[in-house]
Amino acid sequence: MARYFFALDIPNDSKQALSAIQQRIPPLLPKPTTLENLHLTLAFLGDITPEQKSALVDYAALLPQNASKNTRYNLIADHIGVFEQAKVMYVGLAQQPAWLSSLAAMLEAKAKELGIAMVERPYHAHITISRKVKSMPVPMSFKERIQISSFSLYQSISTPCGVKYLPEVTFSLTK
Ligand code: 3AM
């Protein structure tokens with residue numbers, strides 16, 4: 001079995017902008033998320049079986065088709081926050097759009113239906129920019145528009161150089 005999660009794919013131009021934000025934060029971030037690993041988690045699945053994976057992929061493929069044609073998959077990132085217990089620093093959103101909450105909730109519900117044990121906590125959209133954070137960030141002002149065009153089923157792989165998040169199946173949100 002392998003560890004999986006669904007996440008929004010961050011386009012390259014936004015990854016560059018997030019990387020610039022990472023570099024502006026004093027003091028240096030203890031364990032910055034690499035450019036390629038930047039993502040916005042929709043649902044953490046953990047270890048899943050090939051059958052569960054296949055059912056999730058079939059389900060996820062239908063979601064963009066069922067969404068309203070007028071949905072604009074935009075996000076506005078505008079602040080830095082810290083999950084103190086997890087020691088995670090993140091870039092947060094000005095507001096959590098309905099399409100994002102709905103996508104995360106539908107994936108979570110399907111995972112539960114398939115018998116996957118999900119963490120029971122409210123969904124709080126965020127983009128992790130560093131781990132092992134010990135201090136609160138200095139307040140920073142920015143407004144970064146992120147245009148989302150897809151989400152993926154990612155595999156989380158431990159390597160000697162650290163964890164790598166590999167998009168295994170990608171689902172386009174633009175028709
Ligand atoms: O979106 P981020 O990077 O904060 O923290 C892990 C990461 O979230 C989270 O899943 C994402 C990809 O690894 N994660 C890892 N283990 C988890 C767990 N047991 C978890 N989330 C919930 N429960």
# chains A, B, ... in the order shown; residues from 1 in each chain; ligands from 1
$ residues_around --residues "Ser149 (chain A)" --least-positions-apart "2" --cutoff "12 Å" --atoms "only C-alpha atoms" --output "list in words"
Ala7, Leu8, Asp9, Ile10, Pro11, Asn12, Pro64, Thr71, Arg72, Tyr73, Asn74, Leu75, Ile146, Gln147, Phe151, Ser152, Thr170, Phe171, Ser172, Leu173, Thr174 and Lys175 of chain A
$ write_last_selection --atoms "N, CA, C and O atoms" --output "short mmCIF file (atom, residue, chain, number, x, y, z; two decimals), in the first residue's frame"
data_model
loop_
_atom_site.label_atom_id
_atom_site.label_comp_id
_atom_site.auth_asym_id
_atom_site.auth_seq_id
_atom_site.Cartn_x
_atom_site.Cartn_y
_atom_site.Cartn_z
N ALA A 7 -5.00 16.82 -4.01
CA ALA A 7 -4.63 18.22 -3.81
C ALA A 7 -4.82 19.01 -5.09
O ALA A 7 -4.75 18.44 -6.20
N LEU A 8 -5.06 20.31 -4.92
CA LEU A 8 -5.09 21.21 -6.08
C LEU A 8 -3.65 21.36 -6.56
O LEU A 8 -2.72 21.50 -5.75
N ASP A 9 -3.47 21.37 -7.87
CA ASP A 9 -2.16 21.62 -8.46
C ASP A 9 -1.94 23.13 -8.52
O ASP A 9 -2.83 23.87 -8.97
N ILE A 10 -0.79 23.56 -8.06
CA ILE A 10 -0.46 25.00 -8.10
C ILE A 10 0.32 25.25 -9.39
O ILE A 10 1.35 24.60 -9.62
N PRO A 11 -0.16 26.19 -10.23
CA PRO A 11 0.57 26.43 -11.49
C PRO A 11 1.97 27.00 -11.23
O PRO A 11 2.23 27.59 -10.18
N ASN A 12 2.85 26.83 -12.22
CA ASN A 12 4.25 27.20 -12.01
C ASN A 12 4.46 28.67 -11.67
O ASN A 12 5.29 28.99 -10.82
N PRO A 64 -15.42 17.31 -12.16
CA PRO A 64 -15.39 18.53 -12.97
C PRO A 64 -16.58 18.63 -13.92
O PRO A 64 -17.12 19.72 -14.15
N THR A 71 -18.23 28.24 -12.83
CA THR A 71 -17.24 28.28 -11.74
C THR A 71 -15.91 28.82 -12.24
O THR A 71 -15.40 28.38 -13.28
N ARG A 72 -15.38 29.80 -11.51
CA ARG A 72 -14.04 30.31 -11.80
C ARG A 72 -13.14 29.78 -10.70
O ARG A 72 -13.34 30.11 -9.53
N TYR A 73 -12.16 28.97 -11.08
CA TYR A 73 -11.33 28.31 -10.07
C TYR A 73 -10.16 29.21 -9.66
O TYR A 73 -9.00 28.88 -9.89
N ASN A 74 -10.52 30.36 -9.06
CA ASN A 74 -9.49 31.32 -8.61
C ASN A 74 -9.37 31.29 -7.10
O ASN A 74 -10.37 31.08 -6.40
N LEU A 75 -8.16 31.54 -6.63
CA LEU A 75 -7.93 31.69 -5.20
C LEU A 75 -7.17 32.99 -4.98
O LEU A 75 -6.37 33.38 -5.83
N ILE A 146 -4.24 33.06 -7.53
CA ILE A 146 -3.81 31.75 -8.04
C ILE A 146 -4.93 31.17 -8.89
O ILE A 146 -6.05 30.98 -8.42
N GLN A 147 -4.60 30.95 -10.15
CA GLN A 147 -5.58 30.42 -11.10
C GLN A 147 -5.41 28.90 -11.15
O GLN A 147 -4.39 28.41 -11.65
N PHE A 151 -6.70 19.33 -10.38
CA PHE A 151 -6.29 18.73 -9.11
C PHE A 151 -5.78 17.33 -9.42
O PHE A 151 -6.02 16.80 -10.52
N SER A 152 -5.05 16.75 -8.48
CA SER A 152 -4.43 15.45 -8.74
C SER A 152 -4.55 14.54 -7.53
O SER A 152 -4.69 15.00 -6.40
N THR A 170 -4.16 13.19 -12.85
CA THR A 170 -4.56 14.60 -12.82
C THR A 170 -5.94 14.78 -13.46
O THR A 170 -6.24 14.15 -14.48
N PHE A 171 -6.76 15.63 -12.83
CA PHE A 171 -8.14 15.85 -13.28
C PHE A 171 -8.26 17.32 -13.66
O PHE A 171 -8.09 18.21 -12.81
N SER A 172 -8.56 17.59 -14.92
CA SER A 172 -8.66 18.97 -15.38
C SER A 172 -9.96 19.59 -14.90
O SER A 172 -11.01 18.96 -14.93
N LEU A 173 -9.89 20.85 -14.46
CA LEU A 173 -11.10 21.57 -14.04
C LEU A 173 -11.59 22.49 -15.15
O LEU A 173 -12.63 23.13 -15.02
N THR A 174 -10.79 22.60 -16.22
CA THR A 174 -11.21 23.45 -17.34
C THR A 174 -11.69 22.55 -18.46
O THR A 174 -11.04 21.55 -18.78
N LYS A 175 -12.82 22.92 -19.04
CA LYS A 175 -13.38 21.99 -20.04
C LYS A 175 -12.86 22.29 -21.42
O LYS A 175 -12.27 23.29 -21.65
#
$ residues_near_ligand --ligand "ligand 1" --cutoff "7 Å" --atoms "only C-alpha atoms and all ligand atoms" --output "PyMOL selection string"
chain A and resi 5+39-41+44+46+119+126-128+156
$ write_last_selection --atoms "N, CA and C atoms" --output "PDB file, in the first residue's frame"
ATOM      1  N   PHE A   5      -2.961  11.371  -1.326  1.00  0.00           N
ATOM      2  CA  PHE A   5      -3.857  12.484  -0.971  1.00  0.00           C
ATOM      3  C   PHE A   5      -4.291  13.186  -2.248  1.00  0.00           C
ATOM      4  N   HIS A  39       1.502  22.504  -2.987  1.00  0.00           N
ATOM      5  CA  HIS A  39       0.174  21.993  -3.361  1.00  0.00           C
ATOM      6  C   HIS A  39      -0.837  22.512  -2.351  1.00  0.00           C
ATOM      7  N   LEU A  40      -2.093  22.338  -2.638  1.00  0.00           N
ATOM      8  CA  LEU A  40      -3.132  22.672  -1.649  1.00  0.00           C
ATOM      9  C   LEU A  40      -3.962  21.411  -1.419  1.00  0.00           C
ATOM     10  N   THR A  41      -3.796  20.806  -0.252  1.00  0.00           N
ATOM     11  CA  THR A  41      -4.456  19.526   0.032  1.00  0.00           C
ATOM     12  C   THR A  41      -5.978  19.676   0.048  1.00  0.00           C
ATOM     13  N   PHE A  44      -6.666  14.188   2.710  1.00  0.00           N
ATOM     14  CA  PHE A  44      -5.581  13.252   2.972  1.00  0.00           C
ATOM     15  C   PHE A  44      -6.185  11.858   3.109  1.00  0.00           C
ATOM     16  N   GLY A  46      -4.097   8.725   3.165  1.00  0.00           N
ATOM     17  CA  GLY A  46      -3.212   7.757   3.816  1.00  0.00           C
ATOM     18  C   GLY A  46      -3.025   6.527   2.948  1.00  0.00           C
ATOM     19  N   VAL A 119      -9.461  11.845   8.870  1.00  0.00           N
ATOM     20  CA  VAL A 119      -9.288  12.628  10.092  1.00  0.00           C
ATOM     21  C   VAL A 119     -10.512  13.528  10.261  1.00  0.00           C
ATOM     22  N   HIS A 126      -5.113  25.479   2.931  1.00  0.00           N
ATOM     23  CA  HIS A 126      -3.840  26.160   3.173  1.00  0.00           C
ATOM     24  C   HIS A 126      -2.771  25.564   2.245  1.00  0.00           C
ATOM     25  N   ILE A 127      -1.730  26.342   2.034  1.00  0.00           N
ATOM     26  CA  ILE A 127      -0.583  25.841   1.261  1.00  0.00           C
ATOM     27  C   ILE A 127       0.617  25.854   2.205  1.00  0.00           C
ATOM     28  N   THR A 128       1.084  24.657   2.568  1.00  0.00           N
ATOM     29  CA  THR A 128       2.214  24.571   3.504  1.00  0.00           C
ATOM     30  C   THR A 128       3.473  25.101   2.837  1.00  0.00           C
ATOM     31  N   SER A 156       2.563  10.160  -1.871  1.00  0.00           N
ATOM     32  CA  SER A 156       3.591  10.715  -0.994  1.00  0.00           C
ATOM     33  C   SER A 156       4.689   9.671  -0.846  1.00  0.00           C
TER      34      SER A 156
END
$ atom_distance --atom1 "CA of Pro32 (chain A)" --atom2 "CA of Leu18 (chain A)"
10.8 Å
$ closest_residue --among "A:Ser130, A:Ser54, A:Gln95, A:Ser14" --to "Glu168 (chain A)" --atoms "only C-alpha atoms"
A:Ser54
$ closest_residue --among "A:Pro97, A:Phe142, A:Ala86, A:Asn66" --to "Ala20 (chain A)" --atoms "only C-alpha atoms"
A:Phe142
$ atom_distance --atom1 "CA of Ala109 (chain A)" --atom2 "CA of Ala43 (chain A)"
9.8 Å
$ select_by_dssp --residues "region 72-103 of chain A" --states "alpha helix (DSSP H)" --output "ChimeraX atom specification"
/A:98-103
$ closest_residue --among "A:Leu56, A:Ile80, A:Leu42, A:Leu63" --to "Leu100 (chain A)" --atoms "only C-alpha atoms"
A:Leu42
$ select_by_dssp --residues "chain A" --states "strand (DSSP E or B)" --output "ChimeraX atom specification"
/A:2-9,31-32,39-48,74-83,88-93,127-131,144-147,150-159,162-172
$ residues_around --residues "Lys164 (chain A)" --least-positions-apart "2" --cutoff "10 Å" --atoms "only C-alpha atoms" --output "mmCIF file with all heavy atoms, in the first residue's frame"
data_model
loop_
_atom_site.group_PDB
_atom_site.id
_atom_site.type_symbol
_atom_site.label_atom_id
_atom_site.label_comp_id
_atom_site.auth_asym_id
_atom_site.auth_seq_id
_atom_site.Cartn_x
_atom_site.Cartn_y
_atom_site.Cartn_z
ATOM 1 N N THR A 34 9.660 22.425 -0.972
ATOM 2 C CA THR A 34 10.322 22.650 -2.259
ATOM 3 C C THR A 34 9.275 23.114 -3.276
ATOM 4 O O THR A 34 8.077 22.820 -3.133
ATOM 5 C CB THR A 34 10.977 21.361 -2.788
ATOM 6 O OG1 THR A 34 9.955 20.368 -2.917
ATOM 7 C CG2 THR A 34 12.064 20.863 -1.848
ATOM 8 N N GLU A 36 8.606 22.075 -6.200
ATOM 9 C CA GLU A 36 7.817 21.003 -6.846
ATOM 10 C C GLU A 36 6.783 20.387 -5.910
ATOM 11 O O GLU A 36 5.774 19.853 -6.369
ATOM 12 C CB GLU A 36 8.725 19.924 -7.436
ATOM 13 C CG GLU A 36 9.634 19.273 -6.446
ATOM 14 C CD GLU A 36 10.495 18.177 -7.088
ATOM 15 O OE1 GLU A 36 10.468 18.046 -8.325
ATOM 16 O OE2 GLU A 36 11.175 17.481 -6.332
ATOM 17 N N ASN A 37 7.003 20.482 -4.591
ATOM 18 C CA ASN A 37 6.062 19.875 -3.646
ATOM 19 C C ASN A 37 4.903 20.798 -3.253
ATOM 20 O O ASN A 37 3.983 20.358 -2.559
ATOM 21 C CB ASN A 37 6.794 19.445 -2.366
ATOM 22 C CG ASN A 37 7.361 18.039 -2.481
ATOM 23 O OD1 ASN A 37 7.199 17.376 -3.502
ATOM 24 N ND2 ASN A 37 8.034 17.587 -1.447
ATOM 25 N N TYR A 154 -2.210 12.526 -5.509
ATOM 26 C CA TYR A 154 -0.759 12.510 -5.290
ATOM 27 C C TYR A 154 -0.357 11.295 -4.465
ATOM 28 O O TYR A 154 -1.076 10.908 -3.536
ATOM 29 C CB TYR A 154 -0.320 13.745 -4.497
ATOM 30 C CG TYR A 154 -0.253 15.021 -5.289
ATOM 31 C CD1 TYR A 154 -1.408 15.746 -5.583
ATOM 32 C CD2 TYR A 154 0.970 15.536 -5.723
ATOM 33 C CE1 TYR A 154 -1.340 16.945 -6.289
ATOM 34 C CE2 TYR A 154 1.042 16.727 -6.426
ATOM 35 C CZ TYR A 154 -0.116 17.426 -6.711
ATOM 36 O OH TYR A 154 -0.052 18.607 -7.408
ATOM 37 N N GLN A 155 0.805 10.764 -4.804
ATOM 38 C CA GLN A 155 1.416 9.756 -3.943
ATOM 39 C C GLN A 155 2.523 10.442 -3.150
ATOM 40 O O GLN A 155 3.279 11.258 -3.688
ATOM 41 C CB GLN A 155 1.999 8.615 -4.776
ATOM 42 C CG GLN A 155 2.453 7.479 -3.889
ATOM 43 C CD GLN A 155 3.001 6.282 -4.666
ATOM 44 O OE1 GLN A 155 3.081 6.311 -5.888
ATOM 45 N NE2 GLN A 155 3.373 5.258 -3.959
ATOM 46 N N SER A 156 2.563 10.160 -1.871
ATOM 47 C CA SER A 156 3.591 10.715 -0.994
ATOM 48 C C SER A 156 4.689 9.671 -0.846
ATOM 49 O O SER A 156 4.444 8.578 -0.352
ATOM 50 C CB SER A 156 2.946 11.031 0.357
ATOM 51 O OG SER A 156 3.906 11.479 1.264
ATOM 52 N N ILE A 157 5.882 10.019 -1.325
ATOM 53 C CA ILE A 157 6.973 9.035 -1.350
ATOM 54 C C ILE A 157 8.134 9.525 -0.489
ATOM 55 O O ILE A 157 8.622 10.645 -0.681
ATOM 56 C CB ILE A 157 7.478 8.818 -2.804
ATOM 57 C CG1 ILE A 157 6.317 8.343 -3.676
ATOM 58 C CG2 ILE A 157 8.623 7.830 -2.857
ATOM 59 C CD1 ILE A 157 6.664 8.260 -5.132
ATOM 60 N N SER A 158 8.560 8.673 0.429
ATOM 61 C CA SER A 158 9.730 9.027 1.252
ATOM 62 C C SER A 158 10.997 8.647 0.498
ATOM 63 O O SER A 158 11.108 7.514 0.021
ATOM 64 C CB SER A 158 9.695 8.272 2.572
ATOM 65 O OG SER A 158 8.642 8.767 3.337
ATOM 66 N N THR A 159 11.919 9.598 0.360
ATOM 67 C CA THR A 159 13.191 9.331 -0.316
ATOM 68 C C THR A 159 14.321 9.764 0.631
ATOM 69 O O THR A 159 14.057 10.494 1.597
ATOM 70 C CB THR A 159 13.325 10.136 -1.634
ATOM 71 O OG1 THR A 159 13.645 11.499 -1.297
ATOM 72 C CG2 THR A 159 12.062 10.104 -2.467
ATOM 73 N N CYS A 161 16.288 12.003 0.182
ATOM 74 C CA CYS A 161 16.373 13.470 0.126
ATOM 75 C C CYS A 161 15.116 14.136 0.686
ATOM 76 O O CYS A 161 14.899 15.331 0.485
ATOM 77 C CB CYS A 161 16.568 13.959 -1.304
ATOM 78 S SG CYS A 161 17.755 13.064 -2.228
ATOM 79 N N GLY A 162 14.253 13.375 1.309
ATOM 80 C CA GLY A 162 13.023 13.956 1.862
ATOM 81 C C GLY A 162 11.805 13.429 1.123
ATOM 82 O O GLY A 162 11.930 12.669 0.153
ATOM 83 N N LEU A 166 4.159 13.049 -5.685
ATOM 84 C CA LEU A 166 4.068 12.782 -7.126
ATOM 85 C C LEU A 166 2.632 12.763 -7.589
ATOM 86 O O LEU A 166 1.843 11.921 -7.130
ATOM 87 C CB LEU A 166 4.651 11.398 -7.429
ATOM 88 C CG LEU A 166 6.145 11.246 -7.529
ATOM 89 C CD1 LEU A 166 6.468 9.874 -8.085
ATOM 90 C CD2 LEU A 166 6.739 12.315 -8.445
ATOM 91 N N PRO A 167 2.249 13.675 -8.510
ATOM 92 C CA PRO A 167 0.885 13.612 -9.040
ATOM 93 C C PRO A 167 0.741 12.365 -9.922
ATOM 94 O O PRO A 167 1.445 12.244 -10.918
ATOM 95 C CB PRO A 167 0.744 14.907 -9.857
ATOM 96 C CG PRO A 167 2.135 15.385 -10.094
ATOM 97 C CD PRO A 167 3.045 14.759 -9.080
#
$ atom_distance --atom1 "CA of Tyr59 (chain A)" --atom2 "CA of Ser102 (chain A)"
14.2 Å
$ closest_atom_pairs --of "region 80-166 of chain A" --to "region 50-53 of chain A" --cutoff "12 Å" --atoms "only C-alpha atoms" --output "JSON lines"
{"residue": "A:Leu107", "atom": "CA", "partner": "A:Lys53", "partner_atom": "CA", "distance": 11.9}
{"residue": "A:Lys110", "atom": "CA", "partner": "A:Gln52", "partner_atom": "CA", "distance": 9.9}
{"residue": "A:Ala111", "atom": "CA", "partner": "A:Gln52", "partner_atom": "CA", "distance": 8.0}
{"residue": "A:Lys112", "atom": "CA", "partner": "A:Gln52", "partner_atom": "CA", "distance": 10.4}
{"residue": "A:Glu113", "atom": "CA", "partner": "A:Gln52", "partner_atom": "CA", "distance": 10.0}
{"residue": "A:Leu114", "atom": "CA", "partner": "A:Gln52", "partner_atom": "CA", "distance": 6.4}
{"residue": "A:Gly115", "atom": "CA", "partner": "A:Gln52", "partner_atom": "CA", "distance": 8.4}
{"residue": "A:Ile116", "atom": "CA", "partner": "A:Gln52", "partner_atom": "CA", "distance": 8.1}
{"residue": "A:Ala117", "atom": "CA", "partner": "A:Gln52", "partner_atom": "CA", "distance": 11.8}
{"residue": "A:Leu153", "atom": "CA", "partner": "A:Lys53", "partner_atom": "CA", "distance": 8.9}
{"residue": "A:Tyr154", "atom": "CA", "partner": "A:Lys53", "partner_atom": "CA", "distance": 10.9}
{"residue": "A:Gln155", "atom": "CA", "partner": "A:Lys53", "partner_atom": "CA", "distance": 10.8}
$ residues_around --residues "Ala94 (chain A)" --least-positions-apart "2" --cutoff "10 Å" --atoms "only C-alpha atoms" --output "list in words"
Leu75, Ile76, Ala77, Asp78, His79, Val91, Gly92, Gln96, Pro97, Lys143 and Glu144 of chain A
$ write_last_selection --atoms "C-alpha atoms" --output "tab-separated table (two decimals), in the first residue's frame"
chain	number	residue	atom	x	y	z
A	75	LEU	CA	-7.93	31.69	-5.20
A	76	ILE	CA	-6.62	34.78	-3.45
A	77	ALA	CA	-3.78	34.08	-1.06
A	78	ASP	CA	-3.14	36.98	1.30
A	79	HIS	CA	-1.59	35.92	4.60
A	91	VAL	CA	0.00	30.66	3.06
A	92	GLY	CA	-3.70	31.20	3.69
A	96	GLN	CA	-12.39	29.76	1.14
A	97	PRO	CA	-14.51	29.65	-2.02
A	143	LYS	CA	-2.23	39.54	-2.49
A	144	GLU	CA	-1.51	36.62	-4.80
$ residues_around --residues "Pro27 (chain A)" --least-positions-apart "6" --cutoff "12 Å" --atoms "only C-alpha atoms" --output "list in words"
Val133, Lys134, Ser135, Met136, Pro137 and Val138 of chain A
$ closest_residue --among "A:Met140, A:Ala2, A:Ala61, A:Ala55" --to "Pro26 (chain A)" --atoms "only C-alpha atoms"
A:Met140
$ closest_residue --among "A:Ala98, A:Ala17, A:Leu93, A:Ile48" --to "Ser68 (chain A)" --atoms "only C-alpha atoms"
A:Ala98
$ decode --residues "region 111-137 of chain A" --atoms "N, CA, C and O atoms" --output "PDB file, in the first residue's frame"
ATOM      1  N   ALA A 111     -14.322   8.991   0.030  1.00  0.00           N
ATOM      2  CA  ALA A 111     -13.291   8.193   0.708  1.00  0.00           C
ATOM      3  C   ALA A 111     -13.904   7.450   1.899  1.00  0.00           C
ATOM      4  O   ALA A 111     -13.652   6.262   2.096  1.00  0.00           O
ATOM      5  N   LYS A 112     -14.740   8.152   2.667  1.00  0.00           N
ATOM      6  CA  LYS A 112     -15.391   7.520   3.823  1.00  0.00           C
ATOM      7  C   LYS A 112     -16.280   6.370   3.372  1.00  0.00           C
ATOM      8  O   LYS A 112     -16.297   5.301   3.967  1.00  0.00           O
ATOM      9  N   GLU A 113     -17.017   6.615   2.288  1.00  0.00           N
ATOM     10  CA  GLU A 113     -17.920   5.583   1.750  1.00  0.00           C
ATOM     11  C   GLU A 113     -17.122   4.315   1.377  1.00  0.00           C
ATOM     12  O   GLU A 113     -17.629   3.198   1.483  1.00  0.00           O
ATOM     13  N   LEU A 114     -15.869   4.523   0.948  1.00  0.00           N
ATOM     14  CA  LEU A 114     -15.019   3.388   0.545  1.00  0.00           C
ATOM     15  C   LEU A 114     -14.296   2.758   1.733  1.00  0.00           C
ATOM     16  O   LEU A 114     -13.449   1.886   1.553  1.00  0.00           O
ATOM     17  N   GLY A 115     -14.611   3.255   2.924  1.00  0.00           N
ATOM     18  CA  GLY A 115     -14.036   2.638   4.128  1.00  0.00           C
ATOM     19  C   GLY A 115     -12.677   3.196   4.521  1.00  0.00           C
ATOM     20  O   GLY A 115     -11.977   2.601   5.341  1.00  0.00           O
ATOM     21  N   ILE A 116     -12.307   4.352   3.942  1.00  0.00           N
ATOM     22  CA  ILE A 116     -11.027   4.974   4.303  1.00  0.00           C
ATOM     23  C   ILE A 116     -11.239   5.826   5.555  1.00  0.00           C
ATOM     24  O   ILE A 116     -12.161   6.651   5.587  1.00  0.00           O
ATOM     25  N   ALA A 117     -10.406   5.609   6.556  1.00  0.00           N
ATOM     26  CA  ALA A 117     -10.556   6.364   7.813  1.00  0.00           C
ATOM     27  C   ALA A 117     -10.036   7.783   7.596  1.00  0.00           C
ATOM     28  O   ALA A 117      -8.863   7.978   7.281  1.00  0.00           O
ATOM     29  N   MET A 118     -10.928   8.760   7.731  1.00  0.00           N
ATOM     30  CA  MET A 118     -10.540  10.148   7.495  1.00  0.00           C
ATOM     31  C   MET A 118     -10.404  10.875   8.834  1.00  0.00           C
ATOM     32  O   MET A 118     -11.122  10.575   9.780  1.00  0.00           O
ATOM     33  N   VAL A 119      -9.461  11.845   8.870  1.00  0.00           N
ATOM     34  CA  VAL A 119      -9.288  12.628  10.092  1.00  0.00           C
ATOM     35  C   VAL A 119     -10.512  13.528  10.261  1.00  0.00           C
ATOM     36  O   VAL A 119     -10.904  14.227   9.322  1.00  0.00           O
ATOM     37  N   GLU A 120     -11.117  13.463  11.446  1.00  0.00           N
ATOM     38  CA  GLU A 120     -12.325  14.269  11.697  1.00  0.00           C
ATOM     39  C   GLU A 120     -11.922  15.658  12.171  1.00  0.00           C
ATOM     40  O   GLU A 120     -11.738  15.903  13.352  1.00  0.00           O
ATOM     41  N   ARG A 121     -11.724  16.563  11.230  1.00  0.00           N
ATOM     42  CA  ARG A 121     -11.489  17.963  11.619  1.00  0.00           C
ATOM     43  C   ARG A 121     -11.958  18.855  10.486  1.00  0.00           C
ATOM     44  O   ARG A 121     -11.958  18.448   9.317  1.00  0.00           O
ATOM     45  N   PRO A 122     -12.377  20.094  10.842  1.00  0.00           N
ATOM     46  CA  PRO A 122     -12.905  20.962   9.796  1.00  0.00           C
ATOM     47  C   PRO A 122     -11.853  21.226   8.728  1.00  0.00           C
ATOM     48  O   PRO A 122     -10.656  21.294   9.039  1.00  0.00           O
ATOM     49  N   TYR A 123     -12.303  21.353   7.491  1.00  0.00           N
ATOM     50  CA  TYR A 123     -11.372  21.600   6.385  1.00  0.00           C
ATOM     51  C   TYR A 123     -10.904  23.053   6.418  1.00  0.00           C
ATOM     52  O   TYR A 123     -11.718  23.971   6.437  1.00  0.00           O
ATOM     53  N   HIS A 124      -9.615  23.230   6.428  1.00  0.00           N
ATOM     54  CA  HIS A 124      -9.028  24.576   6.441  1.00  0.00           C
ATOM     55  C   HIS A 124      -7.995  24.621   5.314  1.00  0.00           C
ATOM     56  O   HIS A 124      -6.883  24.091   5.453  1.00  0.00           O
ATOM     57  N   ALA A 125      -8.405  25.222   4.192  1.00  0.00           N
ATOM     58  CA  ALA A 125      -7.524  25.241   3.013  1.00  0.00           C
ATOM     59  C   ALA A 125      -6.251  26.036   3.312  1.00  0.00           C
ATOM     60  O   ALA A 125      -6.320  27.128   3.886  1.00  0.00           O
ATOM     61  N   HIS A 126      -5.113  25.479   2.931  1.00  0.00           N
ATOM     62  CA  HIS A 126      -3.840  26.160   3.173  1.00  0.00           C
ATOM     63  C   HIS A 126      -2.771  25.564   2.245  1.00  0.00           C
ATOM     64  O   HIS A 126      -2.934  24.442   1.757  1.00  0.00           O
ATOM     65  N   ILE A 127      -1.730  26.342   2.034  1.00  0.00           N
ATOM     66  CA  ILE A 127      -0.583  25.841   1.261  1.00  0.00           C
ATOM     67  C   ILE A 127       0.617  25.854   2.205  1.00  0.00           C
ATOM     68  O   ILE A 127       1.078  26.936   2.618  1.00  0.00           O
ATOM     69  N   THR A 128       1.084  24.657   2.568  1.00  0.00           N
ATOM     70  CA  THR A 128       2.214  24.571   3.504  1.00  0.00           C
ATOM     71  C   THR A 128       3.473  25.101   2.837  1.00  0.00           C
ATOM     72  O   THR A 128       3.828  24.672   1.729  1.00  0.00           O
ATOM     73  N   ILE A 129       4.145  26.039   3.527  1.00  0.00           N
ATOM     74  CA  ILE A 129       5.397  26.576   2.952  1.00  0.00           C
ATOM     75  C   ILE A 129       6.614  26.209   3.792  1.00  0.00           C
ATOM     76  O   ILE A 129       7.740  26.350   3.338  1.00  0.00           O
ATOM     77  N   SER A 130       6.392  25.731   5.034  1.00  0.00           N
ATOM     78  CA  SER A 130       7.526  25.220   5.816  1.00  0.00           C
ATOM     79  C   SER A 130       7.023  24.321   6.937  1.00  0.00           C
ATOM     80  O   SER A 130       5.918  24.497   7.443  1.00  0.00           O
ATOM     81  N   ARG A 131       7.850  23.370   7.309  1.00  0.00           N
ATOM     82  CA  ARG A 131       7.594  22.521   8.479  1.00  0.00           C
ATOM     83  C   ARG A 131       8.627  22.868   9.555  1.00  0.00           C
ATOM     84  O   ARG A 131       9.532  23.653   9.307  1.00  0.00           O
ATOM     85  N   LYS A 132       8.440  22.282  10.720  1.00  0.00           N
ATOM     86  CA  LYS A 132       9.362  22.462  11.863  1.00  0.00           C
ATOM     87  C   LYS A 132       9.512  23.932  12.263  1.00  0.00           C
ATOM     88  O   LYS A 132      10.604  24.390  12.626  1.00  0.00           O
ATOM     89  N   VAL A 133       8.413  24.671  12.155  1.00  0.00           N
ATOM     90  CA  VAL A 133       8.452  26.098  12.459  1.00  0.00           C
ATOM     91  C   VAL A 133       8.295  26.302  13.967  1.00  0.00           C
ATOM     92  O   VAL A 133       7.427  25.707  14.587  1.00  0.00           O
ATOM     93  N   LYS A 134       9.150  27.157  14.527  1.00  0.00           N
ATOM     94  CA  LYS A 134       9.097  27.354  15.982  1.00  0.00           C
ATOM     95  C   LYS A 134       8.548  28.729  16.360  1.00  0.00           C
ATOM     96  O   LYS A 134       8.092  28.932  17.473  1.00  0.00           O
ATOM     97  N   SER A 135       8.642  29.691  15.421  1.00  0.00           N
ATOM     98  CA  SER A 135       8.197  31.042  15.787  1.00  0.00           C
ATOM     99  C   SER A 135       7.064  31.504  14.890  1.00  0.00           C
ATOM    100  O   SER A 135       6.905  31.024  13.761  1.00  0.00           O
ATOM    101  N   MET A 136       6.290  32.431  15.399  1.00  0.00           N
ATOM    102  CA  MET A 136       5.200  33.011  14.611  1.00  0.00           C
ATOM    103  C   MET A 136       5.800  33.891  13.522  1.00  0.00           C
ATOM    104  O   MET A 136       6.851  34.508  13.743  1.00  0.00           O
ATOM    105  N   PRO A 137       5.148  33.963  12.373  1.00  0.00           N
ATOM    106  CA  PRO A 137       5.706  34.808  11.308  1.00  0.00           C
ATOM    107  C   PRO A 137       5.476  36.280  11.602  1.00  0.00           C
ATOM    108  O   PRO A 137       4.538  36.624  12.323  1.00  0.00           O
TER     109      PRO A 137
END
